[in-house]
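*Asks:* My structure is below; once you've seen it, I'll send some questions.
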Amino acid sequence: MTGAKLFGIVVAVSGMLTIGACAVISKQESLPAWHPEALGEGRPDCVECHEDQIKGVAKGPTTFKHTTEFIRQHRFYAAQDGKLCEICHKASFCNTCHANEREIKPSVFLGNRPDRELIHRGDYLSVHMIDGKVDPTSCYRCHGRANNEKCVRCHR
Amino acid sequence: MKKKGLTSALALTTLVPSLAFAVDFQADGTSIFRLEQRATPGFEKQTVAPFTQFAGVDVDKLADGNLSLHLYGWERVDLGDSSTGEKKNDGELSYGYLRYRFARANGDLKAGRFVVNEGIASEQLDGVAGRTDLAKGFALSAFAGAPVKLDRGSNTKGSFIAGGRGSYAYGSILEVGISGVHEKGGIYEPLTGNKYDRELVGGDFWLRPEKHVELNGRGSYDASTDGMAEQSYQLKLFPLKNVTVSGLYNDADLAHYFSASNLRSLFNPDLGGKVKSYGGAVTWNVAAPVDVTGDFRHIKRSDSIDQNLNGDSNRYGADLRLNFLDKKVRPGVSYHRVEGATGFNSYHEIRGYCMYDNGRYQGSVDGIAQLFKSSLYQVKNAYEAVASAGWRIIPALALSGEVSYSRNPWATDDVRGLVRLTFNYISESKGANK
């Protein structure tokens, strides 16, 4: 029951946060529904067009610059700044990799985009036996609670 | 349940054009036809010819202009042998929701099927979600509904899910958040058939003490089994304008991290075990057309009841990405090495590609070799080569195709063909292409 207690605490704390914030909704203007400027091919470098600050965003443009490392660790940013990702990415963009069931692996779906950081390239059926042993924690972000359809053929 | 979702989604799409006069309407589709000769050693030769249609619709500026509708799903039919070894057609409604955006405070309401990413909560649900910024840097989000079930083992997800995140940001220096998820009956114990509630609480932070230093972190506590599930930290340094250095630390306790797994043959919380990893990466944008990334990670698995799963592994490598002629030509090469612990296998991965895209015509070649230390099914290496060609017929319609050849432990001479028709209609020209 400590579980339920902890959950209660979290609910209470977030409730207090709300009241602590005087239950006042911010008066700031929302981000635009869609990024106003068309972006060129490839990964955007926010710093190229935004100097120190992006209007309506507390974090700076360097934070979101799409370097290879940003892309590999995007989970940190997606967890805090979903509202920002949404001004450039439709949910279908994320769904290419984050699917409940999809059948076609990302690198085949986008076989014409070798420049993308797509997961499971090449003979992944072989490689996964090694990657999965070395570190199964990253797999569990997508498989194990969802997207198991393919796995249960071999892993009963 | 799933089929019903898809049918109603299709019914909605037929409704949409009649509404499209005043609204922003976007439809996109990807039709993929694959032709594969499958020759798995020990199995009968098969020809599979699956046709998969992915379709999405986005209707903006509905009602008072702040309401929008978003749908996406796919449907597959097999024209030859079954491509999955099961029924010859399948499909899924990946998402379908209405969204209302408020003009202030980034207020946002969603209803339908969608994915939420809020702190430690990453869930797909049929339900409602809302968020808003509050005064003085606070923000709040919440969601509730039914978790989306899988086709198989559909008794392994709960009946109700709810959660949310509260956060506080101090200027452009700090953001902290706490988040939680509660899923009624979300843990299915296969041995007893009992169901327990899944409960996960956690926190996340982002800190920029100085212009050139950022620290990210998040941790989750599994309240259903009472233990820390995972902790992750990332330190990012920007010593020069075109150099990013990052360090990473990750720590997971599998008894708690895997506690809600519904694929226990693979992700078994009862085996226990810890996975700790640390590493880093350096990205150097040498010049506009040259980008280099080197990365390294050490992974230590310990304390598992199955001793064979314990050990120290390393993963390291580098990527070089180039672009020329106004980004029309984009080649890249990479090398990665995974050095498995004793008892695990190891491999080298070498990849090279070149892509050309002038807006109207596109082509690419891509080759990858994976060289294993110990052979898998008597085979030590896997190779794959893919050639792609594409033609943008009109701005809204593109045709592309790939031919791939591979040799690997599962197939001796595997030739696959794929034809892709991509359709993207936008009723009103926008700043950026969605």
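The way I read the labels, and the way they are meant: chains A, B, ... in the order of the structure tokens, residue 1 as the first residue of every chain, and ligand 1 as the first ligand shown, with later ones counted on from there.
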Please provide as a ChimeraX atom specification all residues within 8 Å of segment 239-243 of chain B, with the sequence filter that same-chain residues fewer than 3 positions apart are discarded (counting only C-alpha atoms).
*Replies:* /B:212,282-286
*Asks:* Using N, CA, C and O atoms, can you write the selected residues to a file as a PDB file, in the first residue's frame?
*Replies:*
```
ATOM      1  N   HIS B 212      27.601  27.631 -21.068  1.00  0.00           N
ATOM      2  CA  HIS B 212      28.252  26.527 -21.778  1.00  0.00           C
ATOM      3  C   HIS B 212      28.038  25.163 -21.135  1.00  0.00           C
ATOM      4  O   HIS B 212      28.666  24.193 -21.515  1.00  0.00           O
ATOM      5  N   VAL B 282      31.273  13.180 -28.476  1.00  0.00           N
ATOM      6  CA  VAL B 282      31.756  14.482 -28.921  1.00  0.00           C
ATOM      7  C   VAL B 282      31.240  14.698 -30.337  1.00  0.00           C
ATOM      8  O   VAL B 282      31.410  13.840 -31.195  1.00  0.00           O
ATOM      9  N   THR B 283      30.533  15.798 -30.535  1.00  0.00           N
ATOM     10  CA  THR B 283      30.085  16.148 -31.875  1.00  0.00           C
ATOM     11  C   THR B 283      30.848  17.388 -32.292  1.00  0.00           C
ATOM     12  O   THR B 283      30.856  18.394 -31.576  1.00  0.00           O
ATOM     13  N   TRP B 284      31.498  17.312 -33.419  1.00  0.00           N
ATOM     14  CA  TRP B 284      32.289  18.438 -33.912  1.00  0.00           C
ATOM     15  C   TRP B 284      31.845  18.770 -35.320  1.00  0.00           C
ATOM     16  O   TRP B 284      31.991  17.960 -36.228  1.00  0.00           O
ATOM     17  N   ASN B 285      31.286  19.957 -35.454  1.00  0.00           N
ATOM     18  CA  ASN B 285      30.865  20.456 -36.746  1.00  0.00           C
ATOM     19  C   ASN B 285      32.079  21.167 -37.355  1.00  0.00           C
ATOM     20  O   ASN B 285      32.209  22.375 -37.274  1.00  0.00           O
ATOM     21  N   VAL B 286      32.982  20.391 -37.933  1.00  0.00           N
ATOM     22  CA  VAL B 286      34.286  20.881 -38.384  1.00  0.00           C
ATOM     23  C   VAL B 286      34.136  22.089 -39.305  1.00  0.00           C
ATOM     24  O   VAL B 286      34.842  23.081 -39.192  1.00  0.00           O
TER      25      VAL B 286
END
```
*Asks:* Could you pull the residues within 12 Å of segment 362-367 of chain B, counting only C-alpha atoms, minus those fewer than 4 positions along the same chain, as a VMD selection string?
*Replies:* (chain A and resid 107 to 108 110 to 116 121 to 123) or (chain B and resid 328 to 334 349 to 358 382 to 393 398 to 407)
*Asks:* Grab the residues selected above and save them as a compact mmCIF listing (two decimals), in the first residue's frame with N, CA and C atoms.
*Replies:*
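selection.txt written:
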```txt
# COMPACT_ATOMS: atom_id res chain seq x y z
N SER A 107 13.98 1.70 -40.90
CA SER A 107 14.97 1.83 -41.97
C SER A 107 14.47 1.27 -43.30
N VAL A 108 13.39 0.50 -43.27
CA VAL A 108 12.79 0.03 -44.53
C VAL A 108 11.69 1.02 -44.96
N LEU A 110 11.67 4.09 -44.45
CA LEU A 110 12.38 5.23 -45.00
C LEU A 110 13.69 4.77 -45.65
N GLY A 111 13.61 3.74 -46.48
CA GLY A 111 14.80 3.21 -47.15
C GLY A 111 15.45 4.24 -48.06
N ASN A 112 14.72 5.29 -48.40
CA ASN A 112 15.28 6.35 -49.26
C ASN A 112 15.91 7.48 -48.44
N ARG A 113 16.03 7.27 -47.11
CA ARG A 113 16.64 8.29 -46.26
C ARG A 113 17.80 7.71 -45.45
N PRO A 114 18.89 7.33 -46.15
CA PRO A 114 20.03 6.77 -45.41
C PRO A 114 20.66 7.77 -44.44
N ASP A 115 20.37 9.07 -44.62
CA ASP A 115 20.96 10.09 -43.75
C ASP A 115 20.25 10.20 -42.40
N ARG A 116 19.11 9.55 -42.25
CA ARG A 116 18.39 9.63 -40.97
C ARG A 116 19.01 8.68 -39.94
N ARG A 121 19.18 -0.88 -38.38
CA ARG A 121 19.62 -1.04 -39.76
C ARG A 121 20.28 -2.39 -39.99
N GLY A 122 20.30 -2.80 -41.23
CA GLY A 122 20.99 -4.03 -41.60
C GLY A 122 20.28 -5.27 -41.07
N ASP A 123 21.06 -6.27 -40.74
CA ASP A 123 20.49 -7.54 -40.27
C ASP A 123 20.21 -7.45 -38.78
N LYS B 328 22.59 18.99 -51.61
CA LYS B 328 22.00 18.07 -52.58
C LYS B 328 22.66 16.70 -52.48
N VAL B 329 23.97 16.71 -52.19
CA VAL B 329 24.70 15.45 -52.07
C VAL B 329 25.09 15.26 -50.62
N ARG B 330 24.68 14.15 -50.04
CA ARG B 330 24.93 13.91 -48.62
C ARG B 330 25.48 12.51 -48.38
N PRO B 331 26.80 12.36 -48.31
CA PRO B 331 27.37 11.05 -48.00
C PRO B 331 27.65 10.91 -46.50
N GLY B 332 27.86 9.70 -46.09
CA GLY B 332 28.20 9.45 -44.69
C GLY B 332 28.86 8.10 -44.52
N VAL B 333 29.75 8.00 -43.53
CA VAL B 333 30.33 6.71 -43.18
C VAL B 333 30.31 6.57 -41.67
N SER B 334 30.23 5.34 -41.21
CA SER B 334 30.29 5.14 -39.76
C SER B 334 30.89 3.79 -39.43
N GLU B 349 30.45 -2.96 -36.89
CA GLU B 349 29.46 -2.54 -37.89
C GLU B 349 30.07 -1.42 -38.71
N ILE B 350 30.11 -1.62 -40.02
CA ILE B 350 30.69 -0.63 -40.92
C ILE B 350 29.61 -0.23 -41.90
N ARG B 351 29.44 1.07 -42.06
CA ARG B 351 28.37 1.51 -42.94
C ARG B 351 28.83 2.68 -43.79
N GLY B 352 28.36 2.73 -45.02
CA GLY B 352 28.63 3.86 -45.89
C GLY B 352 27.43 4.11 -46.76
N TYR B 353 27.12 5.39 -47.01
CA TYR B 353 25.99 5.69 -47.88
C TYR B 353 26.25 6.98 -48.62
N CYS B 354 25.53 7.17 -49.70
CA CYS B 354 25.56 8.46 -50.38
C CYS B 354 24.18 8.73 -50.90
N MET B 355 23.75 9.95 -50.73
CA MET B 355 22.38 10.27 -51.12
C MET B 355 22.39 11.55 -51.95
N TYR B 356 21.57 11.56 -52.98
CA TYR B 356 21.44 12.72 -53.84
C TYR B 356 19.97 13.12 -53.88
N ASP B 357 19.70 14.41 -53.73
CA ASP B 357 18.31 14.86 -53.76
C ASP B 357 18.29 16.29 -54.30
N ASN B 358 17.73 16.47 -55.49
CA ASN B 358 17.68 17.84 -56.02
C ASN B 358 16.26 18.40 -55.96
N ALA B 382 27.19 -10.46 -41.87
CA ALA B 382 25.94 -10.08 -42.52
C ALA B 382 26.21 -8.85 -43.38
N TYR B 383 25.70 -8.88 -44.62
CA TYR B 383 25.89 -7.74 -45.52
C TYR B 383 24.54 -7.32 -46.05
N GLU B 384 24.39 -6.04 -46.25
CA GLU B 384 23.18 -5.57 -46.91
C GLU B 384 23.53 -4.37 -47.77
N ALA B 385 23.02 -4.36 -49.00
CA ALA B 385 23.21 -3.21 -49.88
C ALA B 385 21.83 -2.78 -50.37
N VAL B 386 21.59 -1.49 -50.31
CA VAL B 386 20.30 -0.96 -50.75
C VAL B 386 20.53 0.15 -51.76
N ALA B 387 19.83 0.08 -52.89
CA ALA B 387 19.87 1.17 -53.86
C ALA B 387 18.46 1.74 -53.96
N SER B 388 18.38 3.06 -53.93
CA SER B 388 17.06 3.70 -53.96
C SER B 388 17.01 4.75 -55.07
N ALA B 389 15.86 4.89 -55.70
CA ALA B 389 15.67 5.94 -56.70
C ALA B 389 14.29 6.53 -56.49
N GLY B 390 14.18 7.83 -56.65
CA GLY B 390 12.88 8.45 -56.43
C GLY B 390 12.65 9.62 -57.37
N TRP B 391 11.39 9.90 -57.59
CA TRP B 391 10.98 10.96 -58.50
C TRP B 391 9.80 11.68 -57.90
N ARG B 392 9.97 13.00 -57.70
CA ARG B 392 8.85 13.80 -57.21
C ARG B 392 8.06 14.25 -58.44
N ILE B 393 6.94 13.60 -58.69
CA ILE B 393 6.17 13.81 -59.91
C ILE B 393 5.56 15.20 -59.91
N ALA B 398 5.14 11.68 -54.78
CA ALA B 398 6.48 11.19 -55.09
C ALA B 398 6.47 9.67 -55.17
N LEU B 399 7.24 9.19 -56.12
CA LEU B 399 7.36 7.75 -56.30
C LEU B 399 8.79 7.38 -56.01
N SER B 400 9.00 6.36 -55.21
CA SER B 400 10.38 5.94 -54.95
C SER B 400 10.41 4.42 -54.81
N GLY B 401 11.59 3.90 -54.94
CA GLY B 401 11.70 2.45 -54.84
C GLY B 401 13.09 2.03 -54.43
N GLU B 402 13.16 0.85 -53.82
CA GLU B 402 14.45 0.33 -53.40
C GLU B 402 14.60 -1.12 -53.86
N VAL B 403 15.86 -1.47 -54.11
CA VAL B 403 16.18 -2.87 -54.30
C VAL B 403 17.25 -3.16 -53.26
N SER B 404 17.08 -4.25 -52.50
CA SER B 404 18.12 -4.56 -51.54
C SER B 404 18.57 -6.00 -51.70
N TYR B 405 19.84 -6.17 -51.44
CA TYR B 405 20.42 -7.50 -51.50
C TYR B 405 21.07 -7.77 -50.17
N SER B 406 20.81 -8.92 -49.58
CA SER B 406 21.49 -9.20 -48.32
C SER B 406 21.89 -10.66 -48.19
N ARG B 407 22.95 -10.85 -47.43
CA ARG B 407 23.43 -12.18 -47.07
C ARG B 407 23.67 -12.15 -45.58
```
*Asks:* Do a neighbour search on Thr67 of chain A at 12 Å with only C-alpha atoms, toss out local chain neighbours closer than 5 positions, and write the hits as a ChimeraX atom specification.
*Replies:* /A:42-47,61-62,72-74,116-117 /B:236,238,242-246,281-285,291-293,319,321
*Asks:* Report as a JSON list (two decimals) with all heavy atoms, in the first residue's frame all protein, DNA and RNA residues lying within 7 Å of Leu35 of chain B, evaluated on only C-alpha atoms, omitting residues in the same chain fewer than 5 positions from it.
*Replies:*
```json
[["chain", "number", "residue", "atom", "x", "y", "z"],
["B", 48, "VAL", "N", 6.66, -13.36, -50.66],
["B", 48, "VAL", "CA", 5.65, -12.55, -50.01],
["B", 48, "VAL", "C", 5.54, -11.21, -50.72],
["B", 48, "VAL", "O", 6.52, -10.67, -51.22],
["B", 48, "VAL", "CB", 5.92, -12.33, -48.50],
["B", 48, "VAL", "CG1", 5.93, -13.65, -47.76],
["B", 48, "VAL", "CG2", 7.20, -11.58, -48.29],
["B", 49, "ALA", "N", 4.31, -10.73, -50.83],
["B", 49, "ALA", "CA", 4.04, -9.48, -51.52],
["B", 49, "ALA", "C", 3.03, -8.66, -50.72],
["B", 49, "ALA", "O", 1.88, -8.52, -51.11],
["B", 49, "ALA", "CB", 3.52, -9.77, -52.92],
["B", 416, "ARG", "N", 15.21, -8.14, -52.21],
["B", 416, "ARG", "CA", 13.92, -7.56, -51.87],
["B", 416, "ARG", "C", 13.68, -6.30, -52.69],
["B", 416, "ARG", "O", 14.60, -5.55, -52.96],
["B", 416, "ARG", "CB", 13.85, -7.20, -50.39],
["B", 416, "ARG", "CG", 14.05, -8.40, -49.52],
["B", 416, "ARG", "CD", 13.88, -8.09, -48.06],
["B", 416, "ARG", "NE", 13.97, -9.34, -47.33],
["B", 416, "ARG", "CZ", 13.55, -9.52, -46.09],
["B", 416, "ARG", "NH1", 13.01, -8.51, -45.44],
["B", 416, "ARG", "NH2", 13.65, -10.68, -45.49],
["B", 417, "GLY", "N", 12.44, -6.11, -53.07],
["B", 417, "GLY", "CA", 12.09, -4.91, -53.81],
["B", 417, "GLY", "C", 11.00, -4.17, -53.06],
["B", 417, "GLY", "O", 10.20, -4.78, -52.35],
["B", 418, "LEU", "N", 11.01, -2.86, -53.21],
["B", 418, "LEU", "CA", 10.00, -2.06, -52.52],
["B", 418, "LEU", "C", 9.64, -0.88, -53.41],
["B", 418, "LEU", "O", 10.51, -0.24, -53.99],
["B", 418, "LEU", "CB", 10.58, -1.59, -51.18],
["B", 418, "LEU", "CG", 9.70, -0.77, -50.24],
["B", 418, "LEU", "CD1", 10.11, -0.99, -48.81],
["B", 418, "LEU", "CD2", 9.77, 0.72, -50.56]]
```
*Asks:* Could you tell me, as an MDAnalysis selection string, which residues of segment 100-320 of chain B DSSP assigns to helix (DSSP H, G or I) when given the backbone?
*Replies:* chainID B and resid 135:137 154:156 254:257 269:271 307:309
*Asks:* Would you mind exporting N, CA and C atoms of the selected residues as an mmCIF file, in the first residue's frame?
*Replies:*
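result36.cif was written with the following content:
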```
data_model
loop_
_atom_site.group_PDB
_atom_site.id
_atom_site.type_symbol
_atom_site.label_atom_id
_atom_site.label_comp_id
_atom_site.auth_asym_id
_atom_site.auth_seq_id
_atom_site.Cartn_x
_atom_site.Cartn_y
_atom_site.Cartn_z
ATOM 1 N N ALA B 135 1.261 30.773 -13.840
ATOM 2 C CA ALA B 135 2.077 31.961 -13.599
ATOM 3 C C ALA B 135 3.394 31.571 -12.926
ATOM 4 N N LYS B 136 4.356 32.450 -12.980
ATOM 5 C CA LYS B 136 5.634 32.308 -12.267
ATOM 6 C C LYS B 136 6.421 31.052 -12.620
ATOM 7 N N GLY B 137 6.269 30.544 -13.846
ATOM 8 C CA GLY B 137 7.110 29.436 -14.291
ATOM 9 C C GLY B 137 6.573 28.050 -14.004
ATOM 10 N N SER B 154 -3.851 -9.476 -24.820
ATOM 11 C CA SER B 154 -4.497 -8.208 -24.523
ATOM 12 C C SER B 154 -4.934 -8.140 -23.056
ATOM 13 N N ASN B 155 -4.812 -9.250 -22.317
ATOM 14 C CA ASN B 155 -5.135 -9.186 -20.894
ATOM 15 C C ASN B 155 -3.971 -8.612 -20.090
ATOM 16 N N THR B 156 -2.890 -8.259 -20.768
ATOM 17 C CA THR B 156 -1.709 -7.819 -20.047
ATOM 18 C C THR B 156 -1.620 -6.300 -19.918
ATOM 19 N N LEU B 254 16.484 -3.870 -12.752
ATOM 20 C CA LEU B 254 15.505 -4.549 -13.597
ATOM 21 C C LEU B 254 14.312 -5.122 -12.843
ATOM 22 N N ALA B 255 14.487 -5.454 -11.564
ATOM 23 C CA ALA B 255 13.358 -5.981 -10.795
ATOM 24 C C ALA B 255 12.236 -4.947 -10.758
ATOM 25 N N HIS B 256 12.605 -3.674 -10.777
ATOM 26 C CA HIS B 256 11.619 -2.595 -10.725
ATOM 27 C C HIS B 256 11.357 -2.007 -12.103
ATOM 28 N N TYR B 257 12.429 -1.917 -12.902
ATOM 29 C CA TYR B 257 12.296 -1.307 -14.236
ATOM 30 C C TYR B 257 11.406 -2.160 -15.134
ATOM 31 N N PRO B 269 11.336 -9.415 -14.712
ATOM 32 C CA PRO B 269 11.718 -8.731 -13.475
ATOM 33 C C PRO B 269 12.181 -9.709 -12.391
ATOM 34 N N ASP B 270 11.722 -10.961 -12.472
ATOM 35 C CA ASP B 270 12.069 -11.930 -11.422
ATOM 36 C C ASP B 270 13.535 -12.346 -11.443
ATOM 37 N N LEU B 271 14.200 -12.121 -12.570
ATOM 38 C CA LEU B 271 15.631 -12.449 -12.629
ATOM 39 C C LEU B 271 16.469 -11.377 -11.943
ATOM 40 N N GLN B 307 23.394 -15.932 -13.989
ATOM 41 C CA GLN B 307 24.774 -15.431 -14.029
ATOM 42 C C GLN B 307 25.256 -15.141 -15.457
ATOM 43 N N ASN B 308 24.682 -15.870 -16.433
ATOM 44 C CA ASN B 308 25.108 -15.681 -17.826
ATOM 45 C C ASN B 308 24.820 -14.277 -18.338
ATOM 46 N N LEU B 309 23.953 -13.554 -17.637
ATOM 47 C CA LEU B 309 23.595 -12.217 -18.123
ATOM 48 C C LEU B 309 24.487 -11.136 -17.522
#
```
*Asks:* If you count only C-alpha atoms, which residues fall within 6 Å of Phe160 of chain B, apart from same-chain ones fewer than 4 positions away, as a PyMOL selection string?
*Replies:* chain B and resi 145-146+183-184
*Asks:* Please produce a file of those selected residues containing all heavy atoms, as a CSV table (one decimal), in the first residue's frame.
*Replies:*
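For reference, part.csv as written:
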```
chain,number,residue,atom,x,y,z
B,145,GLY,N,-7.5,7.8,-19.1
B,145,GLY,CA,-8.2,7.0,-20.1
B,145,GLY,C,-7.9,5.5,-20.0
B,145,GLY,O,-7.6,5.0,-18.9
B,146,ALA,N,-8.0,4.8,-21.1
B,146,ALA,CA,-7.8,3.4,-21.2
B,146,ALA,C,-6.5,3.2,-21.9
B,146,ALA,O,-6.3,3.7,-23.0
B,146,ALA,CB,-8.9,2.7,-21.8
B,183,GLU,N,-1.8,2.8,-13.4
B,183,GLU,CA,-2.5,2.0,-14.3
B,183,GLU,C,-3.2,0.9,-13.6
B,183,GLU,O,-2.5,0.0,-13.0
B,183,GLU,CB,-1.6,1.4,-15.4
B,183,GLU,CG,-2.3,0.6,-16.5
B,183,GLU,CD,-1.4,0.1,-17.6
B,183,GLU,OE1,-0.2,0.6,-17.7
B,183,GLU,OE2,-1.8,-0.8,-18.3
B,184,LYS,N,-4.5,0.9,-13.6
B,184,LYS,CA,-5.3,-0.1,-12.8
B,184,LYS,C,-5.1,-1.5,-13.5
B,184,LYS,O,-5.4,-1.6,-14.7
B,184,LYS,CB,-6.7,0.3,-12.8
B,184,LYS,CG,-7.5,-0.4,-11.7
B,184,LYS,CD,-8.9,0.3,-11.6
B,184,LYS,CE,-9.9,-0.4,-10.7
B,184,LYS,NZ,-9.6,-1.8,-10.4
```
*Asks:* Could you tell me which residues of chain B sit within 6 Å of chain A when counting only C-alpha atoms, and give me the result as a list in words?
*Replies:* Ala103, Arg104, Ala105, Asn106, Asn117, Glu118, Gly119, Asp133, Leu134, Ala135, Gly166, Ser172, Ala223, Ser224, Ser261, Asn262, Leu263, Asn345, Glu384, Ser388, Gly431 and Ala432 of chain B
*Asks:* Here is a test: counting only C-alpha atoms, which residue of B:Val116, B:Ile426, B:Val338, B:Leu125 is nearest to His128 of chain A?
*Replies:*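 Of B:Val116, B:Ile426, B:Val338, B:Leu125, the one nearest His128 of chain A is B:Val338, counting only C-alpha atoms.
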*Asks:* Just the number, please: distance in Å from atom CA of Gly273 of chain B to atom CA of Gly217 of chain B, one decimal.
*Replies:*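 According to the coordinates, atom CA of Gly273 of chain B and atom CA of Gly217 of chain B are separated by 22.1 Å.
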*Asks:* Can you work out the spacing between atom CA of Thr84 of chain B and atom CA of Lys105 of chain A in Å, to one decimal?
*Replies:*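 Result for atom CA of Thr84 of chain B versus atom CA of Lys105 of chain A: 13.4 Å, one decimal.
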*Asks:* So what do you get for atom CA of Met228 of chain B versus atom CA of Ala169 of chain B, distance-wise?
*Replies:*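 Separation between atom CA of Met228 of chain B and atom CA of Ala169 of chain B: 24.9 Å.
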*Asks:* Would you kindly return, as a ChimeraX atom specification, each protein, DNA or RNA residue with an atom no farther than 7 Å from any atom of Ala129 of chain B, considering only C-alpha atoms and excluding same-chain residues fewer than 5 positions away?
*Replies:* /B:109-111,142-144
*Asks:* Near Leu69 of chain B, counting only C-alpha atoms, which residues have an atom at most 9 Å away, once you skip same-chain residues fewer than 3 positions from it, shown as a list in words?
*Replies:* Val57, Asp58, Val59, Asp60, Leu62, Gly96, Tyr97, Leu98, Arg99 and Tyr100 of chain B
*Asks:* Between B:Ser94, B:Asn66, B:Thr47, B:Ser302, which is the closest to Asp78 of chain B once you count only C-alpha atoms?
*Replies:* B:Thr47
*Asks:* Pick out the closest residue to Tyr377 of chain B from this set: B:Gly203, B:Ala411, B:His298, B:Tyr347. Count only C-alpha atoms.
*Replies:* B:Ala411
*Asks:* Under the rule that only C-alpha atoms are counted, which of B:Ser265, B:Asn323, B:Gln124, B:Gln234 is the nearest residue to Gly279 of chain B?
*Replies:* B:Gln234
*Asks:* Which of chain A counts as strand (DSSP E or B) under DSSP, as a list in words please?
*Replies:*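 Output for chain A, strand (DSSP E or B) only: Ile25, Glu29, Ile54 and Val57 of chain A.
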